[in-house]
$ cat model29.txt   # compact mmCIF, C-alpha atoms
# COMPACT_ATOMS: atom_id res chain seq x y z
CA MET A 1 -18.84 -33.34 2.37
CA GLY A 2 -19.82 -36.76 3.75
CA GLY A 3 -20.77 -37.11 7.41
CA MET A 4 -20.02 -35.05 10.46
CA LEU A 5 -17.18 -37.32 11.53
CA ILE A 6 -15.31 -36.88 8.24
CA SER A 7 -15.78 -33.14 8.43
CA ILE A 8 -14.25 -33.08 11.87
CA ASN A 9 -11.32 -35.21 10.75
CA GLU A 10 -10.71 -32.92 7.82
CA GLY A 11 -10.80 -29.98 10.19
CA VAL A 12 -8.25 -31.59 12.47
CA GLU A 13 -6.03 -32.40 9.51
CA ASP A 14 -6.23 -28.80 8.27
CA MET A 15 -5.10 -27.53 11.64
CA ALA A 16 -2.10 -29.88 11.77
CA HIS A 17 -1.12 -29.23 8.14
CA PRO A 18 -1.38 -25.56 7.21
CA GLY A 19 -0.49 -24.53 3.65
CA TYR A 20 3.00 -23.34 4.69
CA GLU A 21 3.91 -26.67 6.30
CA ASN A 22 6.71 -27.50 3.86
CA ASP A 23 8.22 -24.00 4.11
CA LYS A 24 7.88 -23.66 7.86
CA ALA A 25 11.62 -23.45 8.54
CA ALA A 26 12.09 -20.76 5.89
CA VAL A 27 9.09 -18.77 7.16
CA LEU A 28 10.36 -18.95 10.76
CA LYS A 29 13.81 -17.80 9.63
CA ARG A 30 12.29 -14.78 7.92
CA LEU A 31 10.18 -13.96 10.98
CA ALA A 32 13.26 -14.19 13.24
CA ARG A 33 14.99 -11.69 10.95
CA ILE A 34 11.96 -9.34 11.09
CA GLU A 35 11.86 -9.59 14.89
CA GLY A 36 15.54 -8.59 14.87
CA GLN A 37 14.74 -5.66 12.56
CA VAL A 38 12.01 -4.41 14.91
CA ARG A 39 14.39 -4.72 17.87
CA GLY A 40 16.91 -2.74 15.80
CA ILE A 41 14.31 0.02 15.26
CA THR A 42 13.75 0.15 19.03
CA ARG A 43 17.49 0.57 19.61
CA MET A 44 17.61 3.30 16.93
CA VAL A 45 14.84 5.25 18.68
CA GLU A 46 16.44 4.70 22.12
CA SER A 47 19.70 6.19 20.84
CA ASP A 48 17.97 9.16 19.14
CA THR A 49 18.78 8.07 15.58
CA TYR A 50 17.87 10.54 12.85
CA CYS A 51 14.15 10.22 11.88
CA ILE A 52 14.78 9.42 8.22
CA ASP A 53 17.08 6.52 9.07
CA VAL A 54 14.45 5.09 11.42
CA LEU A 55 11.82 5.46 8.65
CA THR A 56 14.05 3.62 6.16
CA GLN A 57 14.32 0.70 8.56
CA ILE A 58 10.54 0.69 9.19
CA SER A 59 9.89 0.57 5.41
CA ALA A 60 12.28 -2.38 5.14
CA SER A 61 10.49 -4.25 7.95
CA THR A 62 7.07 -3.54 6.44
CA LYS A 63 8.25 -4.87 3.08
CA ALA A 64 9.69 -7.99 4.77
CA LEU A 65 6.40 -8.64 6.61
CA GLU A 66 4.48 -8.22 3.33
CA ALA A 67 6.81 -10.69 1.63
CA VAL A 68 6.07 -13.28 4.35
CA ALA A 69 2.34 -12.60 3.94
CA LEU A 70 2.53 -13.07 0.15
CA LYS A 71 4.46 -16.32 0.66
CA LEU A 72 1.86 -17.65 3.16
CA LEU A 73 -0.97 -16.54 0.90
CA HIS A 74 0.51 -18.36 -2.09
CA GLU A 75 0.92 -21.56 -0.07
CA HIS A 76 -2.62 -21.15 1.27
CA LEU A 77 -4.04 -20.84 -2.27
CA ALA A 78 -1.89 -23.70 -3.56
CA HIS A 79 -2.89 -26.08 -0.77
CA CYS A 80 -5.88 -25.19 1.43
CA VAL A 81 -7.91 -23.32 -1.22
CA ALA A 82 -7.00 -25.66 -4.10
CA ASP A 83 -7.93 -28.72 -1.99
CA ALA A 84 -11.25 -27.17 -0.98
CA ALA A 85 -11.96 -26.16 -4.60
CA ALA A 86 -11.23 -29.72 -5.75
CA LYS A 87 -13.83 -31.00 -3.26
CA GLY A 88 -16.27 -28.19 -4.16
CA GLY A 89 -19.41 -27.24 -2.26
CA PRO A 90 -19.94 -24.59 0.40
CA GLU A 91 -16.53 -25.29 2.02
CA ALA A 92 -14.86 -24.23 -1.26
CA GLU A 93 -16.88 -21.03 -1.41
CA LEU A 94 -16.08 -20.27 2.21
CA LYS A 95 -12.34 -20.80 1.69
CA ILE A 96 -12.33 -18.51 -1.37
CA LYS A 97 -14.30 -15.78 0.40
CA GLU A 98 -11.91 -16.04 3.36
CA ALA A 99 -8.85 -15.79 1.09
CA SER A 100 -10.34 -12.76 -0.74
CA ASP A 101 -10.94 -11.02 2.58
CA ALA A 102 -7.36 -11.72 3.69
CA ILE A 103 -6.07 -10.32 0.38
CA ALA A 104 -8.19 -7.17 0.87
CA ARG A 105 -6.76 -6.69 4.37
CA LEU A 106 -3.25 -7.10 2.96
CA VAL A 107 -3.79 -4.65 0.08
CA ARG A 108 -5.23 -2.07 2.48
CA SER A 109 -2.58 -2.48 5.19
CA MET B 110 24.57 28.30 7.21
CA GLY B 111 27.56 30.23 8.57
CA GLY B 112 30.91 28.46 8.92
CA MET B 113 31.88 24.84 9.20
CA LEU B 114 31.89 24.88 12.99
CA ILE B 115 28.27 26.04 13.18
CA SER B 116 27.26 23.40 10.64
CA ILE B 117 28.84 20.69 12.72
CA ASN B 118 27.16 21.96 15.87
CA GLU B 119 23.82 21.95 14.12
CA GLY B 120 24.51 18.44 12.95
CA VAL B 121 25.31 17.26 16.46
CA GLU B 122 22.20 18.95 17.79
CA ASP B 123 20.06 17.23 15.14
CA MET B 124 21.44 13.86 16.17
CA ALA B 125 20.77 14.44 19.85
CA HIS B 126 17.30 15.89 19.23
CA PRO B 127 15.42 13.99 16.54
CA GLY B 128 11.90 15.14 15.66
CA TYR B 129 10.29 12.40 17.79
CA GLU B 130 12.20 13.41 20.93
CA ASN B 131 9.11 14.46 22.90
CA ASP B 132 7.18 11.32 21.95
CA LYS B 133 10.03 8.89 22.44
CA ALA B 134 8.38 6.98 25.29
CA ALA B 135 5.15 6.55 23.30
CA VAL B 136 7.05 5.45 20.18
CA LEU B 137 9.09 2.91 22.17
CA LYS B 138 5.90 1.55 23.74
CA ARG B 139 4.37 1.03 20.30
CA LEU B 140 7.55 -0.65 19.03
CA ALA B 141 7.59 -2.99 22.04
CA ARG B 142 3.99 -3.97 21.21
CA ILE B 143 4.94 -4.60 17.54
CA GLU B 144 7.94 -6.73 18.60
CA GLY B 145 5.49 -8.75 20.72
CA GLN B 146 3.16 -9.08 17.73
CA VAL B 147 5.97 -10.43 15.54
CA ARG B 148 6.96 -12.90 18.28
CA GLY B 149 3.30 -13.90 18.39
CA ILE B 150 3.34 -14.58 14.63
CA THR B 151 6.42 -16.77 15.11
CA ARG B 152 4.60 -18.79 17.79
CA MET B 153 1.56 -19.10 15.52
CA VAL B 154 3.69 -20.54 12.70
CA GLU B 155 5.57 -22.83 15.11
CA SER B 156 2.26 -24.28 16.31
CA ASP B 157 0.87 -24.68 12.75
CA THR B 158 -1.84 -22.04 13.10
CA TYR B 159 -4.26 -21.77 10.21
CA CYS B 160 -2.78 -19.61 7.37
CA ILE B 161 -5.59 -17.02 7.37
CA ASP B 162 -5.17 -16.34 11.10
CA VAL B 163 -1.43 -15.82 10.62
CA LEU B 164 -2.17 -13.43 7.73
CA THR B 165 -4.59 -11.42 9.86
CA GLN B 166 -1.90 -10.96 12.50
CA ILE B 167 0.68 -9.95 9.85
CA SER B 168 -1.72 -7.32 8.46
CA ALA B 169 -2.19 -5.94 11.98
CA SER B 170 1.60 -5.71 12.53
CA THR B 171 2.12 -4.04 9.14
CA LYS B 172 -0.57 -1.47 9.97
CA ALA B 173 1.02 -0.85 13.39
CA LEU B 174 4.46 -0.32 11.81
CA GLU B 175 2.94 2.09 9.29
CA ALA B 176 1.27 4.03 12.09
CA VAL B 177 4.65 4.44 13.84
CA ALA B 178 6.19 5.56 10.54
CA LEU B 179 3.42 8.15 9.98
CA LYS B 180 3.91 9.42 13.54
CA LEU B 181 7.70 9.76 13.08
CA LEU B 182 7.20 11.40 9.68
CA HIS B 183 4.82 13.96 11.13
CA GLU B 184 7.27 14.83 13.92
CA HIS B 185 10.09 15.01 11.38
CA LEU B 186 8.12 17.46 9.20
CA ALA B 187 7.01 19.50 12.23
CA HIS B 188 10.54 19.82 13.67
CA CYS B 189 13.52 18.92 11.46
CA VAL B 190 11.99 19.97 8.11
CA ALA B 191 10.19 23.05 9.49
CA ASP B 192 13.40 24.23 11.21
CA ALA B 193 15.43 23.73 8.05
CA ALA B 194 12.76 25.51 5.95
CA ALA B 195 12.79 28.44 8.39
CA LYS B 196 16.57 28.75 7.85
CA GLY B 197 16.21 28.23 4.08
CA GLY B 198 19.05 27.53 1.65
CA PRO B 199 20.35 24.22 0.32
CA GLU B 200 19.93 22.49 3.70
CA ALA B 201 16.15 23.14 3.47
CA GLU B 202 16.00 21.74 -0.05
CA LEU B 203 17.99 18.69 1.02
CA LYS B 204 15.71 18.02 4.00
CA ILE B 205 12.58 18.29 1.82
CA LYS B 206 14.02 16.02 -0.87
CA GLU B 207 14.99 13.52 1.84
CA ALA B 208 11.48 13.62 3.38
CA SER B 209 9.84 13.15 -0.05
CA ASP B 210 12.04 10.12 -0.71
CA ALA B 211 11.10 8.62 2.68
CA ILE B 212 7.40 9.21 1.91
CA ALA B 213 7.81 7.47 -1.46
CA ARG B 214 9.45 4.45 0.22
CA LEU B 215 6.59 4.35 2.72
CA VAL B 216 3.85 4.58 0.07
CA ARG B 217 5.50 1.84 -2.00
CA SER B 218 6.21 -0.50 0.94
CA MET C 219 3.39 38.67 8.14
CA GLY C 220 2.59 42.39 7.63
CA GLY C 221 -1.00 43.64 7.77
CA MET C 222 -4.34 42.08 7.02
CA LEU C 223 -4.32 43.21 3.40
CA ILE C 224 -1.01 41.52 2.69
CA SER C 225 -2.26 38.33 4.36
CA ILE C 226 -5.30 38.31 2.12
CA ASN C 227 -3.17 38.87 -0.95
CA GLU C 228 -0.91 36.01 0.08
CA GLY C 229 -3.96 33.80 0.44
CA VAL C 230 -5.17 34.70 -3.03
CA GLU C 231 -1.68 34.13 -4.38
CA ASP C 232 -1.56 30.66 -2.80
CA MET C 233 -4.72 29.69 -4.64
CA ALA C 234 -3.40 30.97 -7.98
CA HIS C 235 0.07 29.44 -7.46
CA PRO C 236 -0.13 25.89 -6.11
CA GLY C 237 3.11 24.02 -5.42
CA TYR C 238 2.94 22.14 -8.74
CA GLU C 239 2.67 25.34 -10.80
CA ASN C 240 5.99 24.92 -12.60
CA ASP C 241 5.31 21.26 -13.42
CA LYS C 242 1.68 21.71 -14.43
CA ALA C 243 2.20 20.65 -18.06
CA ALA C 244 4.05 17.48 -16.99
CA VAL C 245 1.40 16.63 -14.37
CA LEU C 246 -1.42 17.13 -16.90
CA LYS C 247 0.40 14.91 -19.40
CA ARG C 248 0.67 12.13 -16.82
CA LEU C 249 -3.01 12.50 -15.89
CA ALA C 250 -4.03 12.30 -19.56
CA ARG C 251 -2.07 9.06 -19.84
CA ILE C 252 -3.78 7.67 -16.70
CA GLU C 253 -7.22 8.63 -18.05
CA GLY C 254 -6.30 6.70 -21.21
CA GLN C 255 -5.21 3.71 -19.08
CA VAL C 256 -8.56 3.69 -17.24
CA ARG C 257 -10.43 3.90 -20.56
CA GLY C 258 -8.27 0.97 -21.71
CA ILE C 259 -9.34 -1.05 -18.64
CA THR C 260 -12.98 -0.33 -19.50
CA ARG C 261 -12.45 -1.63 -23.06
CA MET C 262 -10.69 -4.73 -21.66
CA VAL C 263 -13.69 -5.51 -19.44
CA GLU C 264 -16.16 -4.79 -22.25
CA SER C 265 -14.37 -7.29 -24.48
CA ASP C 266 -14.15 -9.95 -21.72
CA THR C 267 -10.37 -9.80 -21.34
CA TYR C 268 -8.83 -12.39 -19.04
CA CYS C 269 -9.06 -11.27 -15.37
CA ILE C 270 -5.30 -11.36 -14.73
CA ASP C 271 -4.57 -9.07 -17.67
CA VAL C 272 -7.16 -6.58 -16.40
CA LEU C 273 -5.58 -6.75 -12.93
CA THR C 274 -2.11 -6.06 -14.36
CA GLN C 275 -3.43 -2.93 -16.05
CA ILE C 276 -5.19 -1.79 -12.85
CA SER C 277 -1.92 -2.20 -10.86
CA ALA C 278 -0.13 -0.09 -13.49
CA SER C 279 -2.76 2.68 -13.25
CA THR C 280 -2.65 2.63 -9.44
CA LYS C 281 1.14 2.96 -9.53
CA ALA C 282 0.89 5.83 -12.03
CA LEU C 283 -1.65 7.67 -9.83
CA GLU C 284 0.61 7.18 -6.81
CA ALA C 285 3.56 8.58 -8.75
CA VAL C 286 1.54 11.73 -9.56
CA ALA C 287 0.54 12.01 -5.89
CA LEU C 288 4.18 11.70 -4.75
CA LYS C 289 5.19 14.36 -7.28
CA LEU C 290 2.46 16.77 -6.09
CA LEU C 291 3.33 16.06 -2.48
CA HIS C 292 7.00 16.83 -3.05
CA GLU C 293 6.14 20.13 -4.75
CA HIS C 294 3.70 20.93 -1.95
CA LEU C 295 6.39 20.35 0.71
CA ALA C 296 9.01 22.26 -1.30
CA HIS C 297 6.78 25.30 -1.85
CA CYS C 298 3.59 25.65 0.23
CA VAL C 299 4.86 23.94 3.39
CA ALA C 300 8.40 25.39 3.20
CA ASP C 301 7.00 28.91 2.70
CA ALA C 302 4.61 28.51 5.64
CA ALA C 303 7.42 27.07 7.82
CA ALA C 304 9.65 30.02 6.92
CA LYS C 305 6.91 32.38 8.15
CA GLY C 306 6.20 30.21 11.22
CA GLY C 307 3.20 30.50 13.54
CA PRO C 308 -0.10 28.63 13.50
CA GLU C 309 -0.31 28.68 9.68
CA ALA C 310 2.93 26.64 9.55
CA GLU C 311 1.58 24.12 12.05
CA LEU C 312 -1.67 23.86 10.11
CA LYS C 313 0.12 23.27 6.81
CA ILE C 314 2.30 20.55 8.35
CA LYS C 315 -0.66 18.81 9.99
CA GLU C 316 -2.52 18.98 6.68
CA ALA C 317 0.44 17.49 4.79
CA SER C 318 0.84 14.68 7.35
CA ASP C 319 -2.85 13.82 7.00
CA ALA C 320 -2.53 13.71 3.20
CA ILE C 321 0.52 11.44 3.51
CA ALA C 322 -1.44 9.11 5.84
CA ARG C 323 -4.32 8.92 3.32
CA LEU C 324 -1.80 8.12 0.60
CA VAL C 325 -0.02 5.41 2.60
CA ARG C 326 -3.34 3.79 3.50
CA SER C 327 -4.85 3.99 -0.01
CA MET D 328 -8.91 -33.37 -19.19
CA GLY D 329 -10.29 -35.19 -22.20
CA GLY D 330 -8.87 -34.72 -25.68
CA MET D 331 -7.17 -31.81 -27.37
CA LEU D 332 -10.38 -30.56 -28.93
CA ILE D 333 -12.11 -30.25 -25.56
CA SER D 334 -9.07 -28.47 -24.15
CA ILE D 335 -9.21 -25.93 -26.95
CA ASN D 336 -12.91 -25.41 -26.42
CA GLU D 337 -12.31 -24.87 -22.74
CA GLY D 338 -9.66 -22.33 -23.59
CA VAL D 339 -12.02 -20.45 -25.89
CA GLU D 340 -14.73 -20.60 -23.25
CA ASP D 341 -12.35 -19.16 -20.63
CA MET D 342 -11.63 -16.21 -22.87
CA ALA D 343 -15.31 -15.54 -23.57
CA HIS D 344 -16.29 -16.05 -19.90
CA PRO D 345 -13.91 -14.31 -17.55
CA GLY D 346 -14.52 -14.61 -13.79
CA TYR D 347 -16.23 -11.20 -13.63
CA GLU D 348 -18.76 -12.09 -16.34
CA ASN D 349 -21.82 -11.89 -14.06
CA ASP D 350 -20.71 -8.58 -12.54
CA LYS D 351 -19.62 -6.97 -15.78
CA ALA D 352 -22.22 -4.18 -15.68
CA ALA D 353 -21.31 -3.28 -12.08
CA VAL D 354 -17.56 -3.33 -12.86
CA LEU D 355 -18.07 -1.11 -15.92
CA LYS D 356 -20.14 1.33 -13.86
CA ARG D 357 -17.34 1.60 -11.28
CA LEU D 358 -14.74 2.10 -14.02
CA ALA D 359 -16.84 4.86 -15.60
CA ARG D 360 -16.95 6.60 -12.22
CA ILE D 361 -13.15 6.26 -11.84
CA GLU D 362 -12.60 7.66 -15.34
CA GLY D 363 -14.77 10.61 -14.29
CA GLN D 364 -12.69 11.01 -11.11
CA VAL D 365 -9.43 11.12 -13.10
CA ARG D 366 -10.95 13.70 -15.47
CA GLY D 367 -11.96 15.66 -12.37
CA ILE D 368 -8.34 15.58 -11.14
CA THR D 369 -7.21 16.94 -14.53
CA ARG D 370 -9.68 19.82 -14.24
CA MET D 371 -8.50 20.50 -10.67
CA VAL D 372 -4.88 20.78 -11.84
CA GLU D 373 -5.87 22.90 -14.87
CA SER D 374 -7.62 25.37 -12.56
CA ASP D 375 -4.71 25.46 -10.05
CA THR D 376 -6.59 23.74 -7.23
CA TYR D 377 -4.79 23.60 -3.89
CA CYS D 378 -2.32 20.63 -3.80
CA ILE D 379 -3.90 18.94 -0.78
CA ASP D 380 -7.35 18.87 -2.40
CA VAL D 381 -5.87 17.29 -5.53
CA LEU D 382 -4.09 14.70 -3.35
CA THR D 383 -7.35 13.84 -1.55
CA GLN D 384 -9.01 13.16 -4.89
CA ILE D 385 -6.06 11.04 -6.08
CA SER D 386 -6.25 8.93 -2.88
CA ALA D 387 -9.98 8.40 -3.52
CA SER D 388 -9.34 7.27 -7.11
CA THR D 389 -6.55 4.93 -6.02
CA LYS D 390 -8.82 3.36 -3.42
CA ALA D 391 -11.61 2.98 -6.01
CA LEU D 392 -9.22 1.27 -8.47
CA GLU D 393 -8.05 -1.07 -5.70
CA ALA D 394 -11.65 -1.93 -4.86
CA VAL D 395 -12.28 -2.91 -8.51
CA ALA D 396 -9.08 -4.98 -8.47
CA LEU D 397 -10.14 -6.79 -5.27
CA LYS D 398 -13.58 -7.47 -6.81
CA LEU D 399 -12.05 -8.89 -10.03
CA LEU D 400 -9.56 -10.93 -8.01
CA HIS D 401 -12.31 -12.46 -5.89
CA GLU D 402 -14.31 -13.42 -9.00
CA HIS D 403 -11.15 -14.80 -10.58
CA LEU D 404 -10.44 -17.01 -7.55
CA ALA D 405 -14.09 -18.06 -7.28
CA HIS D 406 -14.39 -19.06 -10.95
CA CYS D 407 -11.18 -19.40 -13.01
CA VAL D 408 -8.90 -20.61 -10.18
CA ALA D 409 -11.53 -22.79 -8.48
CA ASP D 410 -12.40 -24.44 -11.83
CA ALA D 411 -8.74 -25.08 -12.58
CA ALA D 412 -8.16 -26.44 -9.05
CA ALA D 413 -11.13 -28.78 -9.44
CA LYS D 414 -9.54 -30.19 -12.61
CA GLY D 415 -6.08 -30.30 -11.01
CA GLY D 416 -2.79 -30.83 -12.81
CA PRO D 417 -0.29 -28.30 -14.14
CA GLU D 418 -3.04 -25.91 -15.31
CA ALA D 419 -4.20 -25.58 -11.68
CA GLU D 420 -0.66 -24.86 -10.50
CA LEU D 421 -0.20 -22.30 -13.26
CA LYS D 422 -3.45 -20.52 -12.41
CA ILE D 423 -2.53 -20.34 -8.72
CA LYS D 424 0.98 -19.07 -9.44
CA GLU D 425 -0.52 -16.46 -11.78
CA ALA D 426 -3.06 -15.34 -9.16
CA SER D 427 -0.33 -15.09 -6.47
CA ASP D 428 1.77 -12.93 -8.78
CA ALA D 429 -1.22 -10.64 -9.46
CA ILE D 430 -1.84 -10.35 -5.71
CA ALA D 431 1.82 -9.43 -5.14
CA ARG D 432 1.62 -6.70 -7.82
CA LEU D 433 -1.52 -5.39 -6.16
CA VAL D 434 -0.04 -5.37 -2.65
CA ARG D 435 3.09 -3.59 -3.91
CA SER D 436 1.25 -1.04 -6.06
$ encode --input "model29.txt" --output "structure tokens"
Amino acid sequence: MGGMLISINEGVEDMAHPGYENDKAAVLKRLARIEGQVRGITRMVESDTYCIDVLTQISASTKALEAVALKLLHEHLAHCVADAAAKGGPEAELKIKEASDAIARLVRS
Amino acid sequence: MGGMLISINEGVEDMAHPGYENDKAAVLKRLARIEGQVRGITRMVESDTYCIDVLTQISASTKALEAVALKLLHEHLAHCVADAAAKGGPEAELKIKEASDAIARLVRS
Amino acid sequence: MGGMLISINEGVEDMAHPGYENDKAAVLKRLARIEGQVRGITRMVESDTYCIDVLTQISASTKALEAVALKLLHEHLAHCVADAAAKGGPEAELKIKEASDAIARLVRS
Amino acid sequence: MGGMLISINEGVEDMAHPGYENDKAAVLKRLARIEGQVRGITRMVESDTYCIDVLTQISASTKALEAVALKLLHEHLAHCVADAAAKGGPEAELKIKEASDAIARLVRS
């Protein structure tokens, strides 16, 4: 882990370079589409659309959000977790525990 | 079921009075909050927020969308499906098949 | 609804004739297969099978259990809930609330 | 990575020492309980148990299977993936891709 200063620098670098950095444009595009889907659901409810059709659109939005989450998770494992594992030590363990907890939240949501 | 005219009238009534009619304001409020959550996720990605924090927010939005879906589904069963079941016939069967399919999409999404 | 005696008989009948009655053999066949899948997972762990292969088998068993649940739920809506809705009253409301709660448990599991 | 011989030995070692090695007894105990739960569901269906009670038991079994999967996945990340990431190279990428795919199957099941 080296000294305190290096730790801080690494922390700063992590913040500026999240795992999804190289796919940021694609992730933002997907999120814009999901925001549009949610706005569409609002309009459906406002205009008294048939329940089942609203439910179909909610399922589609949920699936789209999950797909973004799986994409971010993969990039997180491939970059943040892999880098921490390569360095080893308690930071690696922490990163893996944190990723496992995020996966559990995702599976249960 | 009666004649064609009655069927059409029933259809029109269904459209104007979906199962969630009495909870429309509450449903719209929840959807507005979810739209805000998704916009929040976009801002998080734009500002390079740490992957795990983005994932936590996505899980929260997915759960919130599911809660809206479960609410709509309950109202749909309590009104549209119950009404159709009370009348019986092929319309009842159709409504139940349709609800089961929506539940399956929800469970798998 | 008739008198008390008839109500009691209906209750007894419900117990003896659950919604899945006509598909019982098919449901039992699926459950036997799932029990075999779980036993297979046990053998995989006993013989130190690679984690990912164990996980693949667990996902398959989870999906198979969900498919049985969706089947039972459909039969429950088509028979128990539809019958209660046709009769109306508090029993109908109870059955629909009960079904919605089961759907919520399923979506969240 | 060393020579071919070492690589082969590592491969053999991986097979004999999956990520869950140290928790094997606990994992097997959980699986035995799940097998018992599935047998219990079979008995419920055989004796015409009320649909909703069968569904409750299925949701419990699904949740228990998911908990085992999350446990195995955590151990896999903490051992197999972390070891591969520490070594780096294409094997690390492969392991991470494989883990991401397993997570996706889990989220979608």
$ closest_atom_pairs --input "model29.txt" --of "segment 219-325 of chain C" --to "segment 399-417 of chain D" --cutoff "10 Å" --atoms "all atoms listed in the file" --output "JSON lines"
{"residue": "C:Tyr268", "atom": "CA", "partner": "D:His403", "partner_atom": "CA", "distance": 9.1}
{"residue": "C:Cys269", "atom": "CA", "partner": "D:His403", "partner_atom": "CA", "distance": 6.3}
{"residue": "C:Ile270", "atom": "CA", "partner": "D:His403", "partner_atom": "CA", "distance": 8.0}
{"residue": "C:Val272", "atom": "CA", "partner": "D:Leu399", "partner_atom": "CA", "distance": 8.4}
{"residue": "C:Leu273", "atom": "CA", "partner": "D:Leu399", "partner_atom": "CA", "distance": 7.4}
$ closest_atom_pairs --input "model29.txt" --of "chain C" --to "chain A" --cutoff "12 Å" --atoms "only C-alpha atoms" --output "Markdown table"
| residue | atom | partner | partner_atom | distance |
| --- | --- | --- | --- | --- |
| C:Ser277 | CA | A:Val107 | CA | 11.4 |
| C:Ala322 | CA | A:Ser109 | CA | 11.7 |
| C:Arg323 | CA | A:Arg108 | CA | 11.1 |
| C:Leu324 | CA | A:Arg108 | CA | 10.9 |
| C:Val325 | CA | A:Ser109 | CA | 8.7 |
| C:Arg326 | CA | A:Arg108 | CA | 6.2 |
| C:Ser327 | CA | A:Arg108 | CA | 6.6 |
$ calpha_fit_rmsd --input "model29.txt" --fixed "chain A" --moving "chain C"
0.6 Å
$ atom_distance --input "model29.txt" --atom1 "atom CA of Asp271 of chain C" --atom2 "atom CA of Val256 of chain C"
13.4 Å
$ residues_around --input "model29.txt" --residues "Glu130 of chain B" --least-positions-apart "3" --cutoff "9 Å" --atoms "all atoms listed in the file" --output "ChimeraX atom specification"
/A:45,48 /B:125-127,133-134,184
$ closest_residue --input "model29.txt" --among "A:Asp23, A:Ala69, A:Ala92, A:Ile58" --to "Ile150 of chain B" --atoms "only C-alpha atoms"
A:Ala69
$ atom_distance --input "model29.txt" --atom1 "atom CA of Ser170 of chain B" --atom2 "atom CA of Glu91 of chain A"
28.7 Å
$ residues_around --input "model29.txt" --residues "Thr369 of chain D" --least-positions-apart "5" --cutoff "9 Å" --atoms "only C-alpha atoms" --output "list in words"
Val245, Leu246, Leu249 and Ala250 of chain C; Gln364 and Ser374 of chain D
$ atom_distance --input "model29.txt" --atom1 "atom CA of Thr171 of chain B" --atom2 "atom CA of Leu65 of chain A"
6.8 Å
$ axis_aligned_box --input "model29.txt" --around "segment 241-244 of chain C" --padding-each-side "6 Å" --output "lines of an AutoDock Vina configuration file"
center_x = 3.5
center_y = 19.6
center_z = -15.7
size_x = 15.6
size_y = 16.2
size_z = 16.6
$ decode --input "model29.txt" --residues "segment 64-75 of chain A" --atoms "N, CA and C atoms" --output "CSV table (one decimal), in the first residue's frame"
chain,number,residue,atom,x,y,z
A,64,ALA,N,-34.0,-2.8,-18.7
A,64,ALA,CA,-33.0,-1.9,-19.3
A,64,ALA,C,-32.1,-1.4,-18.2
A,65,LEU,N,-32.6,-1.1,-17.0
A,65,LEU,CA,-31.8,-0.6,-15.9
A,65,LEU,C,-30.9,-1.8,-15.4
A,66,GLU,N,-31.4,-3.0,-15.4
A,66,GLU,CA,-30.6,-4.1,-15.0
A,66,GLU,C,-29.4,-4.3,-16.0
A,67,ALA,N,-29.7,-4.1,-17.2
A,67,ALA,CA,-28.6,-4.3,-18.3
A,67,ALA,C,-27.5,-3.2,-18.0
A,68,VAL,N,-27.9,-2.0,-17.7
A,68,VAL,CA,-26.9,-1.0,-17.4
A,68,VAL,C,-26.1,-1.4,-16.1
A,69,ALA,N,-26.8,-1.9,-15.1
A,69,ALA,CA,-26.1,-2.3,-13.9
A,69,ALA,C,-25.1,-3.4,-14.2
A,70,LEU,N,-25.5,-4.4,-15.0
A,70,LEU,CA,-24.6,-5.5,-15.4
A,70,LEU,C,-23.4,-5.0,-16.1
A,71,LYS,N,-23.6,-4.1,-17.0
A,71,LYS,CA,-22.5,-3.5,-17.8
A,71,LYS,C,-21.6,-2.8,-16.8
A,72,LEU,N,-22.1,-1.9,-15.9
A,72,LEU,CA,-21.2,-1.2,-15.0
A,72,LEU,C,-20.5,-2.2,-14.1
A,73,LEU,N,-21.2,-3.2,-13.6
A,73,LEU,CA,-20.6,-4.2,-12.8
A,73,LEU,C,-19.4,-4.9,-13.5
A,74,HIS,N,-19.6,-5.3,-14.7
A,74,HIS,CA,-18.6,-5.9,-15.5
A,74,HIS,C,-17.3,-5.0,-15.6
A,75,GLU,N,-17.6,-3.7,-15.9
A,75,GLU,CA,-16.5,-2.8,-16.0
A,75,GLU,C,-15.8,-2.6,-14.7
